>>> print(open('run-v2.cif').read())   # mmCIF, C-alpha atoms
data_entry
#
loop_
_atom_site.group_PDB
_atom_site.id
_atom_site.type_symbol
_atom_site.label_atom_id
_atom_site.label_comp_id
_atom_site.auth_asym_id
_atom_site.auth_seq_id
_atom_site.Cartn_x
_atom_site.Cartn_y
_atom_site.Cartn_z
ATOM 1 C CA MET Y 46 -38.539 35.079 8.396
ATOM 2 C CA ILE Y 47 -36.189 34.790 11.367
ATOM 3 C CA LEU Y 48 -35.190 31.190 10.557
ATOM 4 C CA PRO Y 49 -34.192 31.810 6.904
ATOM 5 C CA THR Y 50 -32.288 34.922 7.961
ATOM 6 C CA PHE Y 51 -30.426 32.894 10.606
ATOM 7 C CA PHE Y 52 -29.415 30.251 8.071
ATOM 8 C CA MET Y 53 -28.303 32.915 5.583
ATOM 9 C CA LEU Y 54 -26.123 34.604 8.208
ATOM 10 C CA SER Y 55 -24.695 31.230 9.246
ATOM 11 C CA PHE Y 56 -23.839 30.457 5.630
ATOM 12 C CA LEU Y 57 -22.163 33.819 5.117
ATOM 13 C CA LEU Y 58 -20.163 33.490 8.321
ATOM 14 C CA THR Y 59 -19.107 29.953 7.408
ATOM 15 C CA SER Y 60 -18.113 31.038 3.910
ATOM 16 C CA SER Y 61 -16.154 33.928 5.306
ATOM 17 C CA SER Y 62 -14.306 31.611 7.703
ATOM 18 C CA CYS Y 63 -13.508 29.162 4.908
ATOM 19 C CA ASN Y 64 -12.173 31.938 2.708
ATOM 20 C CA ALA Y 65 -9.894 33.048 5.518
ATOM 21 C CA LEU Y 66 -8.467 29.524 5.658
ATOM 22 C CA ASP Y 67 -8.095 28.723 1.978
ATOM 23 C CA PHE Y 68 -4.601 27.437 2.710
ATOM 24 C CA CYS Y 69 -1.990 27.213 5.429
ATOM 25 C CA VAL Y 70 1.454 27.580 3.909
ATOM 26 C CA ALA Y 71 3.922 26.061 6.344
ATOM 27 C CA ASP Y 72 6.080 28.327 8.426
ATOM 28 C CA LEU Y 73 9.143 26.090 8.460
ATOM 29 C CA LYS Y 74 10.692 28.183 11.231
ATOM 30 C CA THR Y 75 8.124 26.790 13.681
ATOM 31 C CA PRO Y 76 8.143 23.266 15.160
ATOM 32 C CA GLN Y 77 6.213 20.588 13.320
ATOM 33 C CA GLY Y 78 3.388 19.065 15.360
ATOM 34 C CA LEU Y 79 0.949 16.224 14.733
ATOM 35 C CA ALA Y 80 -1.264 18.627 12.775
ATOM 36 C CA GLY Y 81 1.650 19.931 10.690
ATOM 37 C CA TYR Y 82 3.395 23.277 10.787
ATOM 38 C CA SER Y 83 1.950 26.611 11.868
ATOM 39 C CA CYS Y 84 0.706 28.856 9.076
ATOM 40 C CA LYS Y 85 2.975 31.469 7.574
ATOM 41 C CA LYS Y 86 1.628 34.996 7.914
ATOM 42 C CA LEU Y 87 -0.568 35.734 4.914
ATOM 43 C CA GLU Y 88 1.400 38.837 3.950
ATOM 44 C CA LEU Y 89 4.539 36.691 3.653
ATOM 45 C CA VAL Y 90 2.973 34.092 1.347
ATOM 46 C CA THR Y 91 4.019 34.241 -2.316
ATOM 47 C CA VAL Y 92 3.275 32.190 -5.422
ATOM 48 C CA ASP Y 93 6.614 30.435 -4.945
ATOM 49 C CA ASP Y 94 5.155 28.699 -1.871
ATOM 50 C CA PHE Y 95 2.800 26.858 -4.245
ATOM 51 C CA VAL Y 96 5.429 25.883 -6.821
ATOM 52 C CA PHE Y 97 8.095 23.181 -6.472
ATOM 53 C CA SER Y 98 10.846 22.739 -9.039
ATOM 54 C CA GLY Y 99 12.980 20.077 -7.400
ATOM 55 C CA LEU Y 100 11.245 16.861 -8.462
ATOM 56 C CA HIS Y 101 14.303 15.608 -10.339
ATOM 57 C CA ALA Y 102 16.117 12.277 -10.539
ATOM 58 C CA GLY Y 103 17.854 11.167 -7.365
ATOM 59 C CA ASN Y 104 21.148 9.391 -6.696
ATOM 60 C CA THR Y 105 20.676 5.607 -6.805
ATOM 61 C CA SER Y 106 24.316 4.842 -5.899
ATOM 62 C CA ASN Y 107 23.407 3.325 -2.546
ATOM 63 C CA LEU Y 108 22.688 0.015 -0.850
ATOM 64 C CA ILE Y 109 19.153 -0.331 -2.224
ATOM 65 C CA LYS Y 110 19.896 1.262 -5.624
ATOM 66 C CA ALA Y 111 16.883 3.520 -5.197
ATOM 67 C CA ALA Y 112 16.195 7.177 -4.571
ATOM 68 C CA VAL Y 113 13.099 9.052 -3.447
ATOM 69 C CA THR Y 114 12.998 12.803 -4.071
ATOM 70 C CA PRO Y 115 10.123 14.161 -1.945
ATOM 71 C CA ALA Y 116 7.920 17.200 -2.289
ATOM 72 C CA PHE Y 117 6.544 17.038 1.242
ATOM 73 C CA THR Y 118 5.792 19.985 3.512
ATOM 74 C CA ALA Y 119 9.437 20.416 4.466
ATOM 75 C CA GLN Y 120 10.370 20.880 0.791
ATOM 76 C CA PHE Y 121 7.065 22.284 -0.509
ATOM 77 C CA PRO Y 122 5.398 24.480 2.151
ATOM 78 C CA GLY Y 123 2.261 25.044 0.070
ATOM 79 C CA VAL Y 124 0.969 21.491 0.638
ATOM 80 C CA ASN Y 125 0.835 21.985 4.413
ATOM 81 C CA GLY Y 126 -2.646 21.087 5.661
ATOM 82 C CA LEU Y 127 -3.941 20.075 2.223
ATOM 83 C CA GLY Y 128 -3.684 16.291 2.659
ATOM 84 C CA ILE Y 129 -1.536 15.758 -0.445
ATOM 85 C CA SER Y 130 2.105 15.420 -1.495
ATOM 86 C CA ILE Y 131 4.206 13.773 -4.177
ATOM 87 C CA ALA Y 132 7.634 12.218 -4.707
ATOM 88 C CA HIS Y 133 9.899 11.159 -7.564
ATOM 89 C CA LEU Y 134 11.005 7.498 -7.332
ATOM 90 C CA ASP Y 135 14.089 6.244 -9.156
ATOM 91 C CA LEU Y 136 15.013 2.562 -9.235
ATOM 92 C CA ALA Y 137 18.283 1.570 -10.871
ATOM 93 C CA VAL Y 138 18.621 -1.926 -12.337
ATOM 94 C CA GLY Y 139 18.339 -4.230 -9.330
ATOM 95 C CA GLY Y 140 16.901 -1.396 -7.232
ATOM 96 C CA VAL Y 141 14.403 -2.008 -4.462
ATOM 97 C CA VAL Y 142 12.397 -0.054 -1.932
ATOM 98 C CA PRO Y 143 12.245 -2.631 0.892
ATOM 99 C CA MET Y 144 9.160 -3.439 2.915
ATOM 100 C CA HIS Y 145 8.052 -0.171 4.505
ATOM 101 C CA THR Y 146 5.011 1.642 5.771
ATOM 102 C CA HIS Y 147 3.663 5.181 5.819
ATOM 103 C CA PRO Y 148 1.898 5.517 9.184
ATOM 104 C CA GLY Y 149 -0.026 8.635 8.184
ATOM 105 C CA SER Y 150 -0.834 8.177 4.526
ATOM 106 C CA SER Y 151 -2.144 6.054 1.703
ATOM 107 C CA GLU Y 152 -0.018 6.017 -1.460
ATOM 108 C CA ILE Y 153 -0.546 5.848 -5.213
ATOM 109 C CA ILE Y 154 2.267 4.996 -7.621
ATOM 110 C CA VAL Y 155 2.203 5.665 -11.363
ATOM 111 C CA VAL Y 156 4.942 4.080 -13.454
ATOM 112 C CA ILE Y 157 6.492 6.480 -15.959
ATOM 113 C CA GLN Y 158 9.324 4.294 -17.228
ATOM 114 C CA GLY Y 159 10.419 0.685 -16.842
ATOM 115 C CA ILE Y 160 8.884 -2.305 -15.083
ATOM 116 C CA ILE Y 161 8.224 -2.372 -11.339
ATOM 117 C CA ASP Y 162 7.098 -5.275 -9.158
ATOM 118 C CA ALA Y 163 4.960 -3.808 -6.373
ATOM 119 C CA GLY Y 164 2.741 -5.128 -3.647
ATOM 120 C CA PHE Y 165 1.449 -4.839 -0.121
ATOM 121 C CA VAL Y 166 0.456 -7.125 2.740
ATOM 122 C CA SER Y 167 -2.930 -6.686 4.405
ATOM 123 C CA SER Y 168 -3.488 -6.880 8.151
ATOM 124 C CA ALA Y 169 -4.781 -10.430 7.505
ATOM 125 C CA ASN Y 170 -1.366 -11.242 5.924
ATOM 126 C CA ARG Y 171 -2.848 -11.547 2.457
ATOM 127 C CA VAL Y 172 -0.436 -10.433 -0.277
ATOM 128 C CA TYR Y 173 -1.530 -8.190 -3.160
ATOM 129 C CA PHE Y 174 1.222 -8.220 -5.784
ATOM 130 C CA LYS Y 175 1.481 -7.030 -9.396
ATOM 131 C CA THR Y 176 4.056 -6.352 -12.095
ATOM 132 C CA LEU Y 177 3.484 -2.753 -13.211
ATOM 133 C CA LYS Y 178 4.408 -1.364 -16.614
ATOM 134 C CA THR Y 179 4.508 2.161 -18.003
ATOM 135 C CA GLY Y 180 1.199 3.909 -17.333
ATOM 136 C CA ASP Y 181 0.068 1.447 -14.654
ATOM 137 C CA ILE Y 182 -1.117 2.739 -11.281
ATOM 138 C CA MET Y 183 -1.338 0.949 -7.946
ATOM 139 C CA VAL Y 184 -2.592 2.068 -4.545
ATOM 140 C CA PHE Y 185 -1.161 1.092 -1.150
ATOM 141 C CA PRO Y 186 -3.570 1.568 1.777
ATOM 142 C CA GLN Y 187 -2.443 3.611 4.749
ATOM 143 C CA GLY Y 188 -0.208 1.921 7.276
ATOM 144 C CA LEU Y 189 0.251 -1.380 5.402
ATOM 145 C CA LEU Y 190 3.657 -2.852 4.574
ATOM 146 C CA HIS Y 191 4.494 -2.493 0.880
ATOM 147 C CA PHE Y 192 7.446 -2.586 -1.511
ATOM 148 C CA GLN Y 193 8.669 -1.725 -5.015
ATOM 149 C CA ILE Y 194 11.334 -3.581 -7.041
ATOM 150 C CA ASN Y 195 12.810 -2.796 -10.443
ATOM 151 C CA ALA Y 196 11.830 -5.926 -12.386
ATOM 152 C CA GLY Y 197 13.340 -4.854 -15.692
ATOM 153 C CA THR Y 198 16.729 -4.515 -17.326
ATOM 154 C CA THR Y 199 16.655 -0.709 -17.517
ATOM 155 C CA PRO Y 200 16.215 2.016 -14.872
ATOM 156 C CA ALA Y 201 12.657 2.571 -13.688
ATOM 157 C CA LEU Y 202 10.939 5.845 -12.855
ATOM 158 C CA ALA Y 203 7.670 6.480 -11.047
ATOM 159 C CA TYR Y 204 5.794 9.299 -9.392
ATOM 160 C CA VAL Y 205 4.314 8.557 -6.012
ATOM 161 C CA SER Y 206 1.536 10.613 -4.441
ATOM 162 C CA PHE Y 207 0.364 10.569 -0.838
ATOM 163 C CA SER Y 208 -2.787 11.493 1.075
ATOM 164 C CA SER Y 209 -0.725 13.510 3.549
ATOM 165 C CA PRO Y 210 1.711 16.410 3.217
ATOM 166 C CA SER Y 211 4.037 14.580 5.621
ATOM 167 C CA PRO Y 212 3.388 10.837 5.159
ATOM 168 C CA GLY Y 213 6.289 9.576 7.278
ATOM 169 C CA VAL Y 214 8.076 6.328 6.531
ATOM 170 C CA GLN Y 215 9.412 3.342 8.455
ATOM 171 C CA ILE Y 216 11.491 0.794 6.553
ATOM 172 C CA LEU Y 217 11.171 -2.630 8.179
ATOM 173 C CA ASP Y 218 14.774 -3.747 7.599
ATOM 174 C CA PHE Y 219 16.228 -0.589 9.129
ATOM 175 C CA ALA Y 220 13.728 -0.700 11.993
ATOM 176 C CA LEU Y 221 15.004 -4.171 12.897
ATOM 177 C CA PHE Y 222 18.691 -4.029 12.003
ATOM 178 C CA GLY Y 223 19.663 -0.373 11.677
ATOM 179 C CA ASN Y 224 19.510 0.644 15.329
ATOM 180 C CA ASP Y 225 20.827 -0.396 18.752
ATOM 181 C CA LEU Y 226 18.100 -2.909 19.637
ATOM 182 C CA PRO Y 227 19.957 -5.816 21.318
ATOM 183 C CA SER Y 228 20.604 -8.731 18.970
ATOM 184 C CA ASP Y 229 19.111 -11.278 21.351
ATOM 185 C CA ILE Y 230 15.788 -9.426 21.355
ATOM 186 C CA ILE Y 231 15.746 -9.387 17.550
ATOM 187 C CA GLU Y 232 16.603 -13.096 17.461
ATOM 188 C CA GLU Y 233 13.739 -13.940 19.801
ATOM 189 C CA THR Y 234 11.191 -11.835 17.917
ATOM 190 C CA THR Y 235 12.224 -12.766 14.353
ATOM 191 C CA PHE Y 236 13.402 -16.395 14.838
ATOM 192 C CA LEU Y 237 16.688 -15.531 13.089
ATOM 193 C CA ASP Y 238 19.938 -16.930 14.423
ATOM 194 C CA ASP Y 239 22.731 -14.825 15.900
ATOM 195 C CA ALA Y 240 24.923 -14.965 12.791
ATOM 196 C CA GLN Y 241 22.119 -13.746 10.533
ATOM 197 C CA VAL Y 242 21.206 -10.876 12.861
ATOM 198 C CA LYS Y 243 24.805 -9.734 13.218
ATOM 199 C CA LYS Y 244 25.314 -9.919 9.458
ATOM 200 C CA LEU Y 245 22.242 -7.741 8.813
ATOM 201 C CA LYS Y 246 23.240 -5.298 11.548
ATOM 202 C CA GLY Y 247 26.633 -5.007 9.896
ATOM 203 C CA VAL Y 248 25.086 -4.275 6.498
ATOM 204 C CA LEU Y 249 22.483 -1.794 7.763
ATOM 205 C CA GLY Y 250 24.581 -0.038 10.404
ATOM 206 C CA GLY Y 251 23.030 -1.427 13.562
ATOM 207 C CA THR Y 252 24.760 -2.019 16.881
ATOM 208 C CA GLY Y 253 24.065 -4.022 20.024
#
>>> encode(input="run-v2.cif", output="structure tokens")
Amino acid sequence: MILPTFFMLSFLLTSSSCNALDFCVADLKTPQGLAGYSCKKLELVTVDDFVFSGLHAGNTSNLIKAAVTPAFTAQFPGVNGLGISIAHLDLAVGGVVPMHTHPGSSEIIVVIQGIIDAGFVSSANRVYFKTLKTGDIMVFPQGLLHFQINAGTTPALAYVSFSSPSPGVQILDFALFGNDLPSDIIEETTFLDDAQVKKLKGVLGGTG
């Protein structure tokens, strides 16, 4: 009798604890750590913390002719701690999201409009590449380099979901040529000549 009673009490206590932590709406006034933001006080949480109305088209008048409108924790506090988020991807004609990685998240893209060439490179340097049309979905495993290109003659639109509320992003081109890493170091590690490195630094805003 004691053993079943113990398990029943354990279950009730566990259930009670889970109910107390149904969600952790981000308190954006606190610093963001590796585990996300601190939880907003429950009495301050409202339904608006779980609703996001800003997933609209972005401005593609830029170098890459692309725009990502995110609904990550910083924009959508309700996803904090839930392991999910979403973004709106716009690609103008000729638009491209260059090789990039999300260190903390896998990604799924669903094409809503247009034609998008997409792919990723595995850690064994094997390329997985596909031309996606309206309704097609592709997944990009966490941490792997991947890209999207508008392959059509009209603007393309996609929704992109992530397995993290704050997936992070590092774009390879900007990591190499958009900072103050000395040009000679880049030349040695990429096998590019000085003229090419300086040209790319000039385009992407790098120095050094």
>>> residues_around(input="run-v2.cif", residues="range 74-81 of chain Y", least_positions_apart="3", cutoff="9 Å", atoms="all atoms listed in the file", output="list of chain:residue names")
Y:Ala71, Y:Cys84, Y:Thr118, Y:Asn125, Y:Gly126, Y:Pro210, Y:Ser211
>>> atom_distance(input="run-v2.cif", atom1="CA of Ser206 in chain Y", atom2="CA of Ile154 in chain Y")
6.5 Å
>>> residues_around(input="run-v2.cif", residues="Gly159 in chain Y", least_positions_apart="5", cutoff="9 Å", atoms="all atoms listed in the file", output="tab-separated table (two decimals) with C-alpha atoms, in the coordinates of the input")
chain	number	residue	atom	x	y	z
Y	177	LEU	CA	3.48	-2.75	-13.21
Y	178	LYS	CA	4.41	-1.36	-16.61
Y	179	THR	CA	4.51	2.16	-18.00
Y	195	ASN	CA	12.81	-2.80	-10.44
Y	196	ALA	CA	11.83	-5.93	-12.39
Y	197	GLY	CA	13.34	-4.85	-15.69
Y	198	THR	CA	16.73	-4.51	-17.33
Y	199	THR	CA	16.66	-0.71	-17.52
Y	200	PRO	CA	16.22	2.02	-14.87
Y	201	ALA	CA	12.66	2.57	-13.69
Y	202	LEU	CA	10.94	5.84	-12.86
Y	203	ALA	CA	7.67	6.48	-11.05
>>> atom_distance(input="run-v2.cif", atom1="CA of Pro212 in chain Y", atom2="CA of His147 in chain Y")
5.7 Å
>>> atom_distance(input="run-v2.cif", atom1="CA of Phe174 in chain Y", atom2="CA of Thr235 in chain Y")
23.4 Å
>>> resolve_selection(input="run-v2.cif", expression="the PyMOL selection byres ((chain Y and resi 243) around 12)", output="PDB file with C-alpha atoms, keeping the file's coordinate frame")
ATOM      1  CA  LEU Y 221      15.004  -4.171  12.897  1.00  0.00           C
ATOM      2  CA  PHE Y 222      18.691  -4.029  12.003  1.00  0.00           C
ATOM      3  CA  GLY Y 223      19.663  -0.373  11.677  1.00  0.00           C
ATOM      4  CA  ASN Y 224      19.510   0.644  15.329  1.00  0.00           C
ATOM      5  CA  ASP Y 225      20.827  -0.396  18.752  1.00  0.00           C
ATOM      6  CA  LEU Y 226      18.100  -2.909  19.637  1.00  0.00           C
ATOM      7  CA  PRO Y 227      19.957  -5.816  21.318  1.00  0.00           C
ATOM      8  CA  SER Y 228      20.604  -8.731  18.970  1.00  0.00           C
ATOM      9  CA  ASP Y 229      19.111 -11.278  21.351  1.00  0.00           C
ATOM     10  CA  ILE Y 231      15.746  -9.387  17.550  1.00  0.00           C
ATOM     11  CA  GLU Y 232      16.603 -13.096  17.461  1.00  0.00           C
ATOM     12  CA  LEU Y 237      16.688 -15.531  13.089  1.00  0.00           C
ATOM     13  CA  ASP Y 238      19.938 -16.930  14.423  1.00  0.00           C
ATOM     14  CA  ASP Y 239      22.731 -14.825  15.900  1.00  0.00           C
ATOM     15  CA  ALA Y 240      24.923 -14.965  12.791  1.00  0.00           C
ATOM     16  CA  GLN Y 241      22.119 -13.746  10.533  1.00  0.00           C
ATOM     17  CA  VAL Y 242      21.206 -10.876  12.861  1.00  0.00           C
ATOM     18  CA  LYS Y 244      25.314  -9.919   9.458  1.00  0.00           C
ATOM     19  CA  LEU Y 245      22.242  -7.741   8.813  1.00  0.00           C
ATOM     20  CA  LYS Y 246      23.240  -5.298  11.548  1.00  0.00           C
ATOM     21  CA  GLY Y 247      26.633  -5.007   9.896  1.00  0.00           C
ATOM     22  CA  VAL Y 248      25.086  -4.275   6.498  1.00  0.00           C
ATOM     23  CA  LEU Y 249      22.483  -1.794   7.763  1.00  0.00           C
ATOM     24  CA  GLY Y 250      24.581  -0.038  10.404  1.00  0.00           C
ATOM     25  CA  GLY Y 251      23.030  -1.427  13.562  1.00  0.00           C
ATOM     26  CA  THR Y 252      24.760  -2.019  16.881  1.00  0.00           C
ATOM     27  CA  GLY Y 253      24.065  -4.022  20.024  1.00  0.00           C
TER      28      GLY Y 253
END
>>> residues_around(input="run-v2.cif", residues="Val184 in chain Y", least_positions_apart="2", cutoff="10 Å", atoms="all atoms listed in the file", output="PyMOL selection string")
chain Y and resi 151-155+163-165+182+186-187+205-207
>>> residues_around(input="run-v2.cif", residues="Phe192 in chain Y", least_positions_apart="5", cutoff="12 Å", atoms="only C-alpha atoms", output="compact mmCIF listing (two decimals) with C-alpha atoms, in the coordinates of the input")
# COMPACT_ATOMS: atom_id res chain seq x y z
CA ILE Y 109 19.15 -0.33 -2.22
CA ALA Y 111 16.88 3.52 -5.20
CA LEU Y 136 15.01 2.56 -9.24
CA GLY Y 140 16.90 -1.40 -7.23
CA VAL Y 141 14.40 -2.01 -4.46
CA VAL Y 142 12.40 -0.05 -1.93
CA PRO Y 143 12.24 -2.63 0.89
CA MET Y 144 9.16 -3.44 2.92
CA HIS Y 145 8.05 -0.17 4.50
CA THR Y 146 5.01 1.64 5.77
CA HIS Y 147 3.66 5.18 5.82
CA GLU Y 152 -0.02 6.02 -1.46
CA ILE Y 154 2.27 5.00 -7.62
CA ILE Y 161 8.22 -2.37 -11.34
CA ASP Y 162 7.10 -5.28 -9.16
CA ALA Y 163 4.96 -3.81 -6.37
CA GLY Y 164 2.74 -5.13 -3.65
CA PHE Y 165 1.45 -4.84 -0.12
CA VAL Y 166 0.46 -7.12 2.74
CA VAL Y 172 -0.44 -10.43 -0.28
CA TYR Y 173 -1.53 -8.19 -3.16
CA PHE Y 174 1.22 -8.22 -5.78
CA LYS Y 175 1.48 -7.03 -9.40
CA THR Y 176 4.06 -6.35 -12.10
CA MET Y 183 -1.34 0.95 -7.95
CA VAL Y 184 -2.59 2.07 -4.54
CA PHE Y 185 -1.16 1.09 -1.15
CA GLN Y 215 9.41 3.34 8.46
CA ILE Y 216 11.49 0.79 6.55
CA LEU Y 217 11.17 -2.63 8.18
CA ASP Y 218 14.77 -3.75 7.60
>>> residues_around(input="run-v2.cif", residues="Ala132 in chain Y", least_positions_apart="6", cutoff="6 Å", atoms="all atoms listed in the file", output="ChimeraX atom specification")
/Y:114-116,204-205
>>> closest_residue(input="run-v2.cif", among="Y:Ser168, Y:Gln158, Y:Ser83, Y:Asn104", to="Leu189 in chain Y", atoms="only C-alpha atoms")
Y:Ser168
>>> closest_residue(input="run-v2.cif", among="Y:Leu100, Y:Val90, Y:Ala137, Y:Val113", to="Phe68 in chain Y", atoms="all atoms listed in the file")
Y:Val90
>>> axis_aligned_box(input="run-v2.cif", around="range 80-87 of chain Y", padding_each_side="5 Å", output="lines of an AutoDock Vina configuration file")
center_x = 1.1
center_y = 27.2
center_z = 8.8
size_x = 14.7
size_y = 27.1
size_z = 17.9
>>> residues_near_point(input="run-v2.cif", point="(9.8, 26.4, -6.9)", cutoff="12 Å", atoms="all atoms listed in the file", output="ChimeraX atom specification")
/Y:91-100,116,120-123
